[in-house]
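One file, start-v1.cif, carrying mmCIF, N, CA and C atoms:
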```cif
data_upload
loop_
_atom_site.group_PDB
_atom_site.id
_atom_site.type_symbol
_atom_site.label_atom_id
_atom_site.label_comp_id
_atom_site.auth_asym_id
_atom_site.auth_seq_id
_atom_site.Cartn_x
_atom_site.Cartn_y
_atom_site.Cartn_z
ATOM 1 N N MET A 1 195.682 20.668 56.216
ATOM 2 C CA MET A 1 196.880 21.151 55.589
ATOM 3 C C MET A 1 198.086 20.317 56.002
ATOM 4 N N ALA A 2 198.197 20.001 57.299
ATOM 5 C CA ALA A 2 199.344 19.229 57.767
ATOM 6 C C ALA A 2 199.363 17.837 57.135
ATOM 7 N N SER A 3 198.197 17.215 57.015
ATOM 8 C CA SER A 3 198.157 15.876 56.427
ATOM 9 C C SER A 3 198.577 15.910 54.963
ATOM 10 N N ALA A 4 198.237 16.990 54.274
ATOM 11 C CA ALA A 4 198.658 17.122 52.878
ATOM 12 C C ALA A 4 200.168 17.246 52.781
ATOM 13 N N LEU A 5 200.770 17.989 53.704
ATOM 14 C CA LEU A 5 202.234 18.125 53.709
ATOM 15 C C LEU A 5 202.913 16.810 54.050
ATOM 16 N N ILE A 6 202.364 16.096 55.021
ATOM 17 C CA ILE A 6 202.944 14.811 55.400
ATOM 18 C C ILE A 6 202.832 13.817 54.253
ATOM 19 N N GLY A 7 201.703 13.792 53.578
ATOM 20 C CA GLY A 7 201.518 12.900 52.439
ATOM 21 C C GLY A 7 202.430 13.241 51.288
ATOM 22 N N TRP A 8 202.774 14.507 51.157
ATOM 23 C CA TRP A 8 203.645 14.959 50.068
ATOM 24 C C TRP A 8 205.104 14.621 50.344
ATOM 25 N N TYR A 9 205.493 14.605 51.612
ATOM 26 C CA TYR A 9 206.888 14.410 52.004
ATOM 27 C C TYR A 9 207.364 12.995 51.682
ATOM 28 N N ARG A 10 208.410 12.897 50.910
ATOM 29 C CA ARG A 10 209.043 11.623 50.593
ATOM 30 C C ARG A 10 210.550 11.795 50.762
ATOM 31 N N PRO A 11 211.105 11.299 51.862
ATOM 32 C CA PRO A 11 212.544 11.476 52.075
ATOM 33 C C PRO A 11 213.351 10.768 50.986
ATOM 34 N N THR A 12 214.423 11.387 50.567
ATOM 35 C CA THR A 12 215.267 10.790 49.532
ATOM 36 C C THR A 12 216.291 9.894 50.200
ATOM 37 N N GLY A 13 216.608 8.805 49.550
ATOM 38 C CA GLY A 13 217.620 7.898 50.078
ATOM 39 C C GLY A 13 217.119 6.919 51.118
ATOM 40 N N VAL A 14 215.831 6.947 51.429
ATOM 41 C CA VAL A 14 215.267 6.024 52.422
ATOM 42 C C VAL A 14 214.387 5.022 51.676
ATOM 43 N N PRO A 15 214.863 3.783 51.581
ATOM 44 C CA PRO A 15 214.065 2.795 50.847
ATOM 45 C C PRO A 15 212.828 2.383 51.642
ATOM 46 N N ARG A 16 211.767 2.111 50.935
ATOM 47 C CA ARG A 16 210.550 1.605 51.570
ATOM 48 C C ARG A 16 210.583 0.086 51.465
ATOM 49 N N LEU A 17 210.549 -0.545 52.605
ATOM 50 C CA LEU A 17 210.601 -2.001 52.652
ATOM 51 C C LEU A 17 209.206 -2.558 52.851
ATOM 52 N N GLY A 18 208.926 -3.645 52.209
ATOM 53 C CA GLY A 18 207.631 -4.287 52.360
ATOM 54 C C GLY A 18 206.557 -3.613 51.527
ATOM 55 N N SER A 19 205.440 -4.267 51.469
ATOM 56 C CA SER A 19 204.312 -3.736 50.711
ATOM 57 C C SER A 19 203.580 -2.683 51.539
ATOM 58 N N LYS A 20 202.657 -2.012 50.907
ATOM 59 C CA LYS A 20 201.857 -1.002 51.594
ATOM 60 C C LYS A 20 201.084 -1.634 52.750
ATOM 61 N N GLU A 21 200.571 -2.823 52.531
ATOM 62 C CA GLU A 21 199.816 -3.533 53.575
ATOM 63 C C GLU A 21 200.721 -3.907 54.748
ATOM 64 N N GLU A 22 201.937 -4.367 54.477
ATOM 65 C CA GLU A 22 202.870 -4.719 55.554
ATOM 66 C C GLU A 22 203.240 -3.496 56.386
ATOM 67 N N ARG A 23 203.445 -2.371 55.726
ATOM 68 C CA ARG A 23 203.761 -1.137 56.455
ATOM 69 C C ARG A 23 202.576 -0.699 57.301
ATOM 70 N N ARG A 24 201.359 -0.824 56.758
ATOM 71 C CA ARG A 24 200.166 -0.456 57.518
ATOM 72 C C ARG A 24 200.050 -1.310 58.776
ATOM 73 N N GLU A 25 200.291 -2.616 58.642
ATOM 74 C CA GLU A 25 200.228 -3.519 59.792
ATOM 75 C C GLU A 25 201.304 -3.180 60.823
ATOM 76 N N ALA A 26 202.501 -2.848 60.345
ATOM 77 C CA ALA A 26 203.585 -2.497 61.263
ATOM 78 C C ALA A 26 203.246 -1.230 62.047
ATOM 79 N N TYR A 27 202.703 -0.224 61.371
ATOM 80 C CA TYR A 27 202.306 0.995 62.064
ATOM 81 C C TYR A 27 201.173 0.710 63.043
ATOM 82 N N GLY A 28 200.279 -0.186 62.693
ATOM 83 C CA GLY A 28 199.204 -0.562 63.610
ATOM 84 C C GLY A 28 199.742 -1.215 64.871
ATOM 85 N N ARG A 29 200.714 -2.110 64.704
ATOM 86 C CA ARG A 29 201.336 -2.752 65.871
ATOM 87 C C ARG A 29 202.070 -1.734 66.731
ATOM 88 N N LEU A 30 202.752 -0.784 66.092
ATOM 89 C CA LEU A 30 203.446 0.261 66.833
ATOM 90 C C LEU A 30 202.461 1.097 67.638
ATOM 91 N N LEU A 31 201.340 1.460 67.032
ATOM 92 C CA LEU A 31 200.317 2.235 67.729
ATOM 93 C C LEU A 31 199.731 1.442 68.890
ATOM 94 N N ASP A 32 199.443 0.168 68.674
ATOM 95 C CA ASP A 32 198.901 -0.671 69.748
ATOM 96 C C ASP A 32 199.866 -0.768 70.924
ATOM 97 N N SER A 33 201.143 -0.994 70.634
ATOM 98 C CA SER A 33 202.117 -1.146 71.719
ATOM 99 C C SER A 33 202.324 0.162 72.462
ATOM 100 N N SER A 34 202.334 1.296 71.755
ATOM 101 C CA SER A 34 202.503 2.575 72.449
ATOM 102 C C SER A 34 201.271 2.896 73.292
ATOM 103 N N THR A 35 200.090 2.522 72.812
ATOM 104 C CA THR A 35 198.866 2.740 73.591
ATOM 105 C C THR A 35 198.884 1.896 74.856
ATOM 106 N N ARG A 36 199.312 0.646 74.738
ATOM 107 C CA ARG A 36 199.405 -0.220 75.926
ATOM 108 C C ARG A 36 200.421 0.322 76.922
ATOM 109 N N ALA A 37 201.585 0.762 76.433
ATOM 110 C CA ALA A 37 202.617 1.292 77.326
ATOM 111 C C ALA A 37 202.101 2.518 78.073
ATOM 112 N N PHE A 38 201.403 3.403 77.369
ATOM 113 C CA PHE A 38 200.834 4.581 78.020
ATOM 114 C C PHE A 38 199.810 4.157 79.071
ATOM 115 N N GLY A 39 198.973 3.187 78.731
ATOM 116 C CA GLY A 39 197.951 2.717 79.670
ATOM 117 C C GLY A 39 198.553 2.137 80.939
ATOM 118 N N PHE A 40 199.615 1.347 80.798
ATOM 119 C CA PHE A 40 200.269 0.786 81.984
ATOM 120 C C PHE A 40 200.882 1.887 82.838
ATOM 121 N N GLY A 41 201.506 2.862 82.206
ATOM 122 C CA GLY A 41 202.071 3.985 82.955
ATOM 123 C C GLY A 41 201.003 4.769 83.688
ATOM 124 N N TYR A 42 199.879 4.958 83.032
ATOM 125 C CA TYR A 42 198.752 5.670 83.635
ATOM 126 C C TYR A 42 198.230 4.906 84.851
ATOM 127 N N GLN A 43 198.088 3.582 84.714
ATOM 128 C CA GLN A 43 197.624 2.769 85.836
ATOM 129 C C GLN A 43 198.600 2.828 86.998
ATOM 130 N N MET A 44 199.890 2.766 86.711
ATOM 131 C CA MET A 44 200.890 2.804 87.778
ATOM 132 C C MET A 44 200.845 4.137 88.510
ATOM 133 N N ALA A 45 200.680 5.228 87.787
ATOM 134 C CA ALA A 45 200.606 6.543 88.424
ATOM 135 C C ALA A 45 199.406 6.615 89.376
ATOM 136 N N HIS A 46 198.264 6.065 88.955
ATOM 137 C CA HIS A 46 197.083 6.091 89.816
ATOM 138 C C HIS A 46 197.224 5.146 91.001
ATOM 139 N N MET A 47 197.891 4.020 90.809
ATOM 140 C CA MET A 47 198.103 3.104 91.927
ATOM 141 C C MET A 47 198.990 3.755 92.982
ATOM 142 N N ARG A 48 200.020 4.471 92.527
ATOM 143 C CA ARG A 48 200.899 5.163 93.484
ATOM 144 C C ARG A 48 200.121 6.238 94.233
ATOM 145 N N ARG A 49 199.279 6.979 93.517
ATOM 146 C CA ARG A 49 198.508 8.040 94.154
ATOM 147 C C ARG A 49 197.555 7.458 95.182
ATOM 148 N N GLU A 50 196.888 6.346 94.839
ATOM 149 C CA GLU A 50 195.954 5.717 95.780
ATOM 150 C C GLU A 50 196.704 5.146 96.982
ATOM 151 N N ALA A 51 197.852 4.541 96.753
ATOM 152 C CA ALA A 51 198.638 3.984 97.853
ATOM 153 C C ALA A 51 199.136 5.099 98.768
ATOM 154 N N GLY A 52 199.525 6.214 98.188
ATOM 155 C CA GLY A 52 199.980 7.341 99.002
ATOM 156 C C GLY A 52 198.862 7.922 99.833
ATOM 157 N N GLY A 53 197.663 7.986 99.280
ATOM 158 C CA GLY A 53 196.507 8.501 100.011
ATOM 159 C C GLY A 53 196.098 7.567 101.133
ATOM 160 N N ALA A 54 196.221 6.269 100.930
ATOM 161 C CA ALA A 54 195.845 5.310 101.968
ATOM 162 C C ALA A 54 196.857 5.301 103.116
ATOM 163 N N ALA A 55 198.110 5.668 102.820
ATOM 164 C CA ALA A 55 199.141 5.652 103.853
ATOM 165 C C ALA A 55 198.991 6.837 104.811
ATOM 166 N N ASN A 56 198.294 7.882 104.384
ATOM 167 C CA ASN A 56 198.165 9.063 105.258
ATOM 168 C C ASN A 56 197.091 8.906 106.267
#
```
Let's see the structure in the file written out as structure tokens.
Amino acid sequence: MASALIGWYRPTGVPRLGSKEERREAYGRLLDSSTRAFGFGYQMAHMRREAGGAAN
């Protein structure tokens, strides 16, 4: 149901730039970069936890 609502939603006054393929690639790059950023944050959190455990 949510995907149907999202697919139906078309904001007025917001132009779509680029072709459908260009937008798909841009969203793919955005997803890749956010996944990498999350992964680095996750690694840093575990490194801090391991370093804290070794210091005790």
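Distance-wise, atom C of Ala26 (chain A) and atom C of Gly41 (chain A) end up 22.6 Å apart.
From CA of Arg23 (chain A) back to CA of Phe40 (chain A), the distance works out to 25.8 Å.
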Computed gap from CA of Ala51 (chain A) to atom N of Thr35 (chain A) is 25.1 Å
List every residue of region 8-46 of chain A that DSSP, applied to the backbone of this structure, assigns to alpha helix (DSSP H), and report them as a ChimeraX atom specification. /A:8,20-46
